Structure formats: C-alpha cells, structure tokens
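Asker: Got a structure for you, questions after.
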Amino acid sequence: MQIKTTRLGEVTVAEIGGDIDGKSAPAAQAELLPLAGPNCKLIFDMATVEYMSSAGLRMLLSVRRQINNGGRLVLVNLPEQIQDTMAITGFLDFFTIYPNLAEGLAAFELEVEEVRL
Amino acid sequence: MTLAPELQRIDIHPTHSYQGYRMRIGRAFPFGASFVPGGVNFSIYSRFATACTLVLFEKGEPTPMVEIPFPPEFRIGNVFTMIVFDLGYENVEYGYRMDGPFDPTNGHRFDPTKILTDPYAKVIGGRDVWGKQPDWDDIYQHRARLVYDDFDWESDRPLETPMEDLVVYEMHVRGFTQHPSARVRHPGTFAAIREKIPYLKELGVNCVELMPIFEFDEFENSKTSPVTGETLYNYWGYSQVGFFAPKAGFAATGRMGMQVDELKTLIKDLHRNGIEVMLDVVFNHTAEGNEQGPSISYRGIDNKSYYMLTPEGYYYNFSGCGNTLNCNNPLVRNMIVDCLRYWAEEYHIDGFRFDLASILSRDQNGAPLANPPLLETLAFDPVLAKCKLVAEAWDAGGLYQVGSFPAHGRWAEWNGKYRDDIRKFLKGDGSVGAAAQRLQGSPDLYSHAGRGATASINFITAHDGFSLADMVSYNEKHNFANGENNNDGGNDNDSWNCGWEGPTEDIGINQLRRRQIKNAVAMLMVSQGVPMIVMGDEVARTQQGNNNTYCQDNALNWLDWSLVQENSEIFRFFQNMIGFRNAHPVLRGNGHFRNSDYMGCGYPDISWHGAQAWNADWSDGAKTLAFMLSGQHAKGGTVSDNDVYVAFNMHWESQHFGLPGLPEGYKWHVFANTAAPEDSYTPGLEPELAEQSHLLLGSRSVAILVSKWVG
C-alpha cells in the first residue's frame, strides 16, 4: 500500500496504490484521516489500487464519514472491479465518483463557479 | 461546551498469555464471536463438554496458527468464554475442539480431533464460490469468520406491509438469474436479484420468499446423475451448516467474504422498491445427517442437547434428512430465537417461513406438544413482533397441522389443503364445497380458532412439486434425472396433463394448458388469504415433469428469461390478475365473511351463484361455481370497493351463469375471461359487458366481472 499526496490549488489529491486490506487499512486510515478536515476538498485517485478488501472499503467509508458538510471527497479512476464490488455491497452509494482526475478536479472548479454566481 | 475525555475501561487489559497471544476472561453474552475494545470475545456453550480449545487460523491456511485451550477459570457455568487481543478481523478463521465422552448410547459424540464450527458463526467460509470443488483433505471444512455488523441502512426498516396485502413470490437465489438468458453481471447471486427488481415490480409482487440462504454445503450428498451424467448437488439448500451465516456461494463477493454487505444491500434495495423479504428457514435438521454424517458443529459440541435422540442414542428422523434438531430443548430454543432476532434486527428481514415447522412443536422425545414453548416464544418475542411467521404445518414424521398449528394469533400456515382442493377443482374433480372454503380463506380450518383469512398462505404450486406449467402437462412425476429411480417426490399431485403426457404439438391441448394456467392464477388471486406464486410460473416455466428438483443445478431449476417474451401472454395475465387484486380491497379481507348484509346495502358480503343467480349448485359432481363480493363490505365494511363477481366453469362444456342484478346505474364490466381471445384487461379499463343478465362461459374457464357506475 502506498499513498502519495499532492496539492493542486485548493484541492488535495491522494494517490492510493497497492492492496488495501485488513493489514494495510489501519495505516492507510492513519494517513488519510488527517486530510479529511473541515471544508476539505479531497480527491482520492484510486488508479493504482490493486485490491480493496472489506476492511479497505470500511476504511474509505469511515474517512468519508469524518467529512462534515463543508468538506467534500470524490473518488477518481476507480478500477472497474473495485467499482463493481462497491456497487454490489452498497458502498458506492455513499461516494461521488468521476472517471478521471481531470473530471474530478473540474467538479471542484464547477463548485467554485457556482458559489461565485 | 467541553466534553469529558473518554475514560478507558479498566477491563481491557490482557490477564493471560499463551504462545504469544494475549487473553483475558470474556463475557458469556452474546454467544459467538464479537468485537470488544482491543480484541474479540469468543463465547460458546456445551452442557456436557469437559474442556474446550479455541483454534485460530490465518484465513485459508491448512494448519492453525494457534490452539488456545480455555483455562479452567474462563468457564462460567457451561459457557467457555475468552477475549483474545489483537486479532485482525479479516484474516482470522476460528473453530473449536471439544473434549468430553464419546458414548453414543448415552447421546455423547465428543471427538477432540475434529475442529468444529461455531453454531453462532455469522460468516462461514470454505464454500465461498458456488460449485467450486473444496479441498476434501482440509481439516476444517466450514470455517467460522468474524464480521462487522456495521452496515449503513440509512432510513431503511422492515416494511410491515399488512399480511392481507402481500403477494408472495417464492424463489431460489441461484435459480432466478443463473440461466445465461438472464444477462446479468453476476449470475446466480444476491447482486443479480437487484438487477431484476424492475421485473418483480412489473409483475406486481411485493414480497420475495427466498429459499434457504443460510450457509449450506452444495456438495452434501452430491453424486452423478444416471440420466445426464451431470453432478447432482444439494441445490435447494434445505440443510443448514450454520443458521447465522448467509450462503457465501450466493454472493458475487463471497470470494471476498463480503456476502453480508451484498445481501443487506439487496434487502435495502428491495425495501426501497416496496418489496418485502421473507426467508425460508430450516430449523428442523442440520447438515450433519445421521450417525454416518460429518461432525461439522452441533454433534461435536453438544450432541445430546442439539438433537432428538432415541433411547438408544440414534437420531430421530422426523425431517426425512437423517436427524432432527431438538427445537424444544431450552438451549436450542434460545439459539433459534437468537438467530431469528439477529436476522430481523441485523438484516431487516420482514418474515420467516419455517420449513417442516411441525417439528418445532415436538418435545425432546418427538411427541407433539399442546403448547410448544418455542412457538409461543416466537409469537410473543418483542424483536420479532412485526415479522410475518409462516409455518409449513407438517413434517416428515406424519404430523399434519394445517388448521391446527399452535398460532397464538401470530402464525400463518402454508395451506396445503388449499393446494389440494383447488387443484382437484381445477381439473374438474373434487367438491365445489371444498373449493368454496378455500376461495373464502378456509374459514372451515381457521375461523373456529379465531384466526382470519390471513392465517392461510394460499398456493397452488411451491418449490416442492410440479411447476404450474407441468401441473397441466403431466399426470405422473418424471424424476429419473434425480438418480433415485423415480422413487423420490410426491405421488399425490392432483395434476392433469390435458390429454397428453408432456410436450405436444397439439394446438388444442396447448390452448387448454394455457387456459388452465390462467384459471389457476385467477383462482389464486381472487381467493381471500395471502397468495403465493413460484418463480417462473408467471412465464410457464417447465421442469420437464420433475416434481422434486432439489438436486438439479441446471435448466430444470434455472429461470429461462427468454420465456418472458415467448409466454408474454401468460405473464401479462399474471400481471393483470395481481394488479386486479391490488386494486380491489374486497379481495383482501383479513377476517372471514359473515354471510350477511351487515352494511345494509342490499347484498350480503359474499353470495353464491350458478346457472341461476342466487342459486349455486352444491351437488356432488358439480363443476361450476360463482360468487359475488359486495364492495360495500370490503375489509369488514371499513372501505368501499366495487362489487366483484367471479364464475368458474370447470366443466368440459360451456355453461350458462345467471348474473346477480346490480343497483340502478351500475353495470357489470369484464375484467377477465380466460376463454376469450382478450383474456384480461388492465385493471380500471374493463369494458362493459354487453349482456347484463347472464354469461355464457366457455369450457374450463374463469370469468371475473366488476361493477361500475355508468349513470
């Protein structure tokens, strides 16, 4: 499991890679949870996640639950199989997803536009 | 406002260690394995065990990572309980070794060489993918696992649909979508049912009754079919390994151990679409079979408590499956209550149908009890208070309790007499008097005990027996593919092949069969009580004359979705009939008719008719019957509905029926006539009947009329 965090303007992008399972989920949570502060603009780029177990999905949802109304998390580049598992097990219902990073970033920009208008 | 800092409990620290694992005494409740701060609480009881060892595996590994004997001081009464710290929830599998006497004559079969599954296991691995050959050398076949009960249900809760408004659809999880024609992403799974919810809604049913979904072993007694050479499985699954764990092989995510989330997601989505979920639960026996069967769990943990034993220590076989769960032993009774509460609370299950429920009314020696404690407990349980409780009110030991199942005002029954009497009437046999009772919700069986029409689950077909299409295509069962020389399955089918055994090109016979299918569902949907149909009957699914397809994992059991198109005429008729029932509360009473005009509207709540209005032919050999329901008396007069008139002509020739006159300004309209080219209309769009005083009804057909104001 690896996590690389970069900042693009107001948006924090965490690139998550490798296996997120019962063994690695606690460490992933320790890294991701601090990003989920008030009014966060957060993208998890899942492109290189190879395996996401039940513990991994629970970790993701628990990070999602820490984000208050002002903050926002989107997932991008979800591998097809993980997206399928998330759909079947109901986890997908709690996330906003975009096919790629550009669209994920655009979603935040759109939000900024809307606020200005 | 400042919040007080959270104080740490002082009992979260280990007191013992064993081979590097840290433990302390656990809590007896809840039984099973549950998460506590820092660890997992294991709790298991055995009345006669002398010692117990917790066996822990790394997931999927052939040998245990550790075996921790319960220190003597970790035993409270007959409960062994221990907290083990620092266990990852996803990677651990656990089982037990139980020591005690091996003394079958006295009922004890302890064998510490066996690793046993926790009876309270909430996830069981080992058969994670349906039909995948297990490793038969594995020392632990059905591996208990840990689960977080943390599903986010949002605002979902059981629907609590009134019993009388239910239309039940009995189905097999795998059979519903395994056929390639289903065109779903994960055939044969909980997830795939979700993809087919629009179909269920289109049909109009509002409750699915799932054939067993507790963990079972599809390889139990598997063998090769002498006819087709295919593997025969324990396909239906009426043989439970564990009562708390969903069948992993029914989940697309079973290989990931996520069957709990997948099933809950399905239930949540069904609820969102107004569809209840009823589970077919099998508490009459377990997968351990008789003396020759495997020691999976119960036998090795507490044989004498879990099973009904003969004085010589053999297994009573009231289930026909080798053993009989000792349901009225206080320990087993509590386990069953715990189990149902778990499914009701944790899975939001709306109701339960109890397989061979009469076994639940037997005492520990097998004798029927006047007031079985288990049935009373379930009827009054606060967690189960809004769940439907439905009994298959008989068993394989000869107990038949249809009409007399100890109900406590709560229990409904699979009404086997409904099936038998309606089948006979449908083929022109039997008595119209008996049919009349069934159509009214079987007051002859239920009213004396103060039980209403909703005590009766009405069905003409169920998973046991012929499909509806086969019921009108075969006189005899054709079960050779099951490999039992056609000796299995019932012989009292009350079926009629309409003139030729099996498939035929004869247009007349095929027309008659289609009409008989429509007649059957028409009878079912105009009957008081709760109608149940079986998956695929709505599209004339065939099992090729096999009336006991328990072992067939193939097209005999899989719903062929191309039939939806091919038999769209049948589907549409089912849809209209269900729609008509839903549209008319007069068909959905929860009490019984009083045979009087207590609303003072000029018509009794129910009246019987024949060739002349108001004059039914009750004679022996009569093959016609008609009745009128007065809309003013709908639901005991609490709601107003149209009047409904139904005529059955089960004679081989056309018959005249005199129609009861309607008040000024009202006219009869035709909803259905199974003999007519236009067999039914969309409810609400029924055309006016040309001739208002009588009806000429074609041979073997049903007409349904509805009164409407025309001014």
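Residues in the structure tokens are numbered from 1 in each chain, the chains being A, B, ... in the order shown, and ligands are numbered from 1 in the order shown.
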For a quick test of understanding: name the residues of chain B lying within 6 Å of chain A when counting only C-alpha atoms, and present them as number ranges by chain.
Answerer: B: 90, 191, 261-262, 265
Asker: Which of chain A end up as strand (DSSP E or B) when DSSP is run on this backbone - answer as an MDAnalysis selection string?
Answerer: chainID A and resid 2:8 11:20 41:52 72:76 96:98
Asker: Please produce an output containing N, CA and C atoms for each residue in the selection, written as a tab-separated table (two decimals), in the first residue's frame.
Answerer:
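The result, written out as part.tsv:
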chain	number	residue	atom	x	y	z
A	2	GLN	N	0.59	2.16	-0.92
A	2	GLN	CA	1.29	3.43	-0.91
A	2	GLN	C	0.28	4.56	-1.05
A	3	ILE	N	0.60	5.69	-0.43
A	3	ILE	CA	-0.23	6.88	-0.59
A	3	ILE	C	0.69	8.06	-0.86
A	4	LYS	N	0.38	8.78	-1.96
A	4	LYS	CA	1.17	9.97	-2.29
A	4	LYS	C	0.22	11.16	-2.36
A	5	THR	N	0.53	12.17	-1.58
A	5	THR	CA	-0.39	13.30	-1.51
A	5	THR	C	0.20	14.50	-2.22
A	6	THR	N	-0.60	15.11	-3.11
A	6	THR	CA	-0.15	16.35	-3.75
A	6	THR	C	-1.27	17.39	-3.64
A	7	ARG	N	-0.87	18.64	-3.84
A	7	ARG	CA	-1.86	19.70	-3.73
A	7	ARG	C	-1.98	20.40	-5.07
A	8	LEU	N	-3.19	20.48	-5.59
A	8	LEU	CA	-3.44	21.16	-6.85
A	8	LEU	C	-4.41	22.29	-6.56
A	11	VAL	N	-7.25	21.92	-3.99
A	11	VAL	CA	-7.64	20.51	-3.90
A	11	VAL	C	-6.45	19.63	-3.49
A	12	THR	N	-6.71	18.76	-2.54
A	12	THR	CA	-5.68	17.77	-2.16
A	12	THR	C	-5.97	16.46	-2.87
A	13	VAL	N	-4.96	15.95	-3.55
A	13	VAL	CA	-5.13	14.68	-4.26
A	13	VAL	C	-4.28	13.62	-3.58
A	14	ALA	N	-4.93	12.57	-3.12
A	14	ALA	CA	-4.19	11.44	-2.54
A	14	ALA	C	-4.22	10.29	-3.54
A	15	GLU	N	-3.05	9.94	-4.03
A	15	GLU	CA	-2.98	8.79	-4.94
A	15	GLU	C	-2.75	7.55	-4.09
A	16	ILE	N	-3.72	6.66	-4.15
A	16	ILE	CA	-3.63	5.45	-3.34
A	16	ILE	C	-3.26	4.28	-4.25
A	17	GLY	N	-2.34	3.46	-3.79
A	17	GLY	CA	-1.93	2.34	-4.64
A	17	GLY	C	-1.71	1.07	-3.84
A	18	GLY	N	-1.72	-0.04	-4.55
A	18	GLY	CA	-1.42	-1.33	-3.91
A	18	GLY	C	-2.66	-2.00	-3.33
A	19	ASP	N	-2.43	-2.84	-2.32
A	19	ASP	CA	-3.53	-3.58	-1.69
A	19	ASP	C	-4.00	-2.86	-0.43
A	20	ILE	N	-5.28	-2.61	-0.37
A	20	ILE	CA	-5.84	-2.06	0.87
A	20	ILE	C	-6.66	-3.18	1.50
A	41	LYS	N	-11.19	19.81	0.40
A	41	LYS	CA	-11.50	19.47	-0.99
A	41	LYS	C	-10.55	18.34	-1.35
A	42	LEU	N	-11.13	17.14	-1.41
A	42	LEU	CA	-10.28	15.96	-1.40
A	42	LEU	C	-10.59	15.05	-2.58
A	43	ILE	N	-9.53	14.62	-3.25
A	43	ILE	CA	-9.71	13.61	-4.31
A	43	ILE	C	-8.85	12.40	-3.95
A	44	PHE	N	-9.46	11.24	-3.93
A	44	PHE	CA	-8.68	10.00	-3.82
A	44	PHE	C	-8.56	9.42	-5.23
A	45	ASP	N	-7.33	9.38	-5.71
A	45	ASP	CA	-7.09	8.79	-7.03
A	45	ASP	C	-6.76	7.32	-6.83
A	46	MET	N	-7.65	6.46	-7.29
A	46	MET	CA	-7.56	5.03	-6.98
A	46	MET	C	-6.92	4.23	-8.11
A	47	ALA	N	-6.33	4.94	-9.10
A	47	ALA	CA	-5.89	4.27	-10.33
A	47	ALA	C	-5.02	3.05	-10.07
A	48	THR	N	-4.16	3.12	-9.07
A	48	THR	CA	-3.21	2.01	-8.91
A	48	THR	C	-3.55	1.10	-7.73
A	49	VAL	N	-4.80	1.20	-7.25
A	49	VAL	CA	-5.22	0.25	-6.21
A	49	VAL	C	-5.40	-1.11	-6.87
A	50	GLU	N	-4.73	-2.10	-6.33
A	50	GLU	CA	-4.82	-3.43	-6.94
A	50	GLU	C	-5.91	-4.27	-6.30
A	51	TYR	N	-6.08	-4.12	-4.99
A	51	TYR	CA	-7.07	-4.93	-4.30
A	51	TYR	C	-7.63	-4.12	-3.15
A	52	MET	N	-8.93	-4.17	-2.99
A	52	MET	CA	-9.57	-3.44	-1.90
A	52	MET	C	-10.49	-4.43	-1.21
A	72	ARG	N	-15.57	17.99	1.11
A	72	ARG	CA	-16.04	17.16	0.02
A	72	ARG	C	-14.95	16.18	-0.42
A	73	LEU	N	-15.38	14.95	-0.67
A	73	LEU	CA	-14.45	13.92	-1.14
A	73	LEU	C	-14.99	13.32	-2.42
A	74	VAL	N	-14.14	13.22	-3.44
A	74	VAL	CA	-14.55	12.45	-4.62
A	74	VAL	C	-13.49	11.40	-4.91
A	75	LEU	N	-13.96	10.31	-5.49
A	75	LEU	CA	-13.05	9.25	-5.91
A	75	LEU	C	-12.91	9.30	-7.42
A	76	VAL	N	-11.68	9.14	-7.89
A	76	VAL	CA	-11.48	9.11	-9.35
A	76	VAL	C	-10.66	7.87	-9.73
A	96	THR	N	-19.12	10.10	-4.31
A	96	THR	CA	-19.20	10.68	-5.64
A	96	THR	C	-17.99	10.21	-6.40
A	97	ILE	N	-18.21	9.73	-7.61
A	97	ILE	CA	-17.06	9.24	-8.37
A	97	ILE	C	-16.99	9.95	-9.73
A	98	TYR	N	-15.77	10.06	-10.22
A	98	TYR	CA	-15.54	10.57	-11.57
A	98	TYR	C	-14.56	9.64	-12.27
Asker: Could you list, as number ranges by chain, every residue within 10 Å of Gly465 (chain B), counting only C-alpha atoms and ignoring same-chain residues fewer than 4 positions away?
Answerer: B: 460-461, 470-471, 477, 489-493, 543, 545-549
Asker: Counting only C-alpha atoms, what is within 6 Å of region 650-661 of chain B, bar same-chain residues fewer than 4 positions away, as a PyMOL selection string?
Answerer: chain B and resi 428+610-613+623-624+693-700
Asker: Using only C-alpha atoms, find the one residue out of B:Gln259, B:Ala245, B:Gln401, B:Thr682 that sits nearest to Trp343 (chain B).
Answerer: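 Checking each candidate against Trp343 (chain B), we get B:Ala245 as the closest.
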Asker: List the neighbours of Met59 (chain A) out to 8 Å using only C-alpha atoms; skip same-chain residues closer than 3 positions along the sequence, and give me the result as a ChimeraX atom specification.
Answerer: /A:25-26,28-29,55-56,62-63
Asker: Just give me the gap between CA of Arg183 (chain B) and CA of Trp561 (chain B) in Å, one decimal is fine.
Answerer: 8.7 Å
Asker: According to DSSP computed on the backbone, where in region 300-471 of chain B is there alpha helix (DSSP H)? Give the residues as a PyMOL selection string.
Answerer: chain B and resi 300-306+330-347+373-380+416-426+432-439+443-446+468-471
Asker: Could you give me, as a count of residues only, the residues within 9 Å of Pro101 (chain B), counting only C-alpha atoms and dropping anything in the same chain fewer than 4 positions from it?
Answerer: 7
Asker: Determine, counting only C-alpha atoms, which protein, DNA and RNA residues have an atom within 8 Å of an atom of Asp560 (chain B); residues of the same chain fewer than 3 positions away are not included. Present the result as a ChimeraX atom specification.
Answerer: /B:179-182,541,555,563
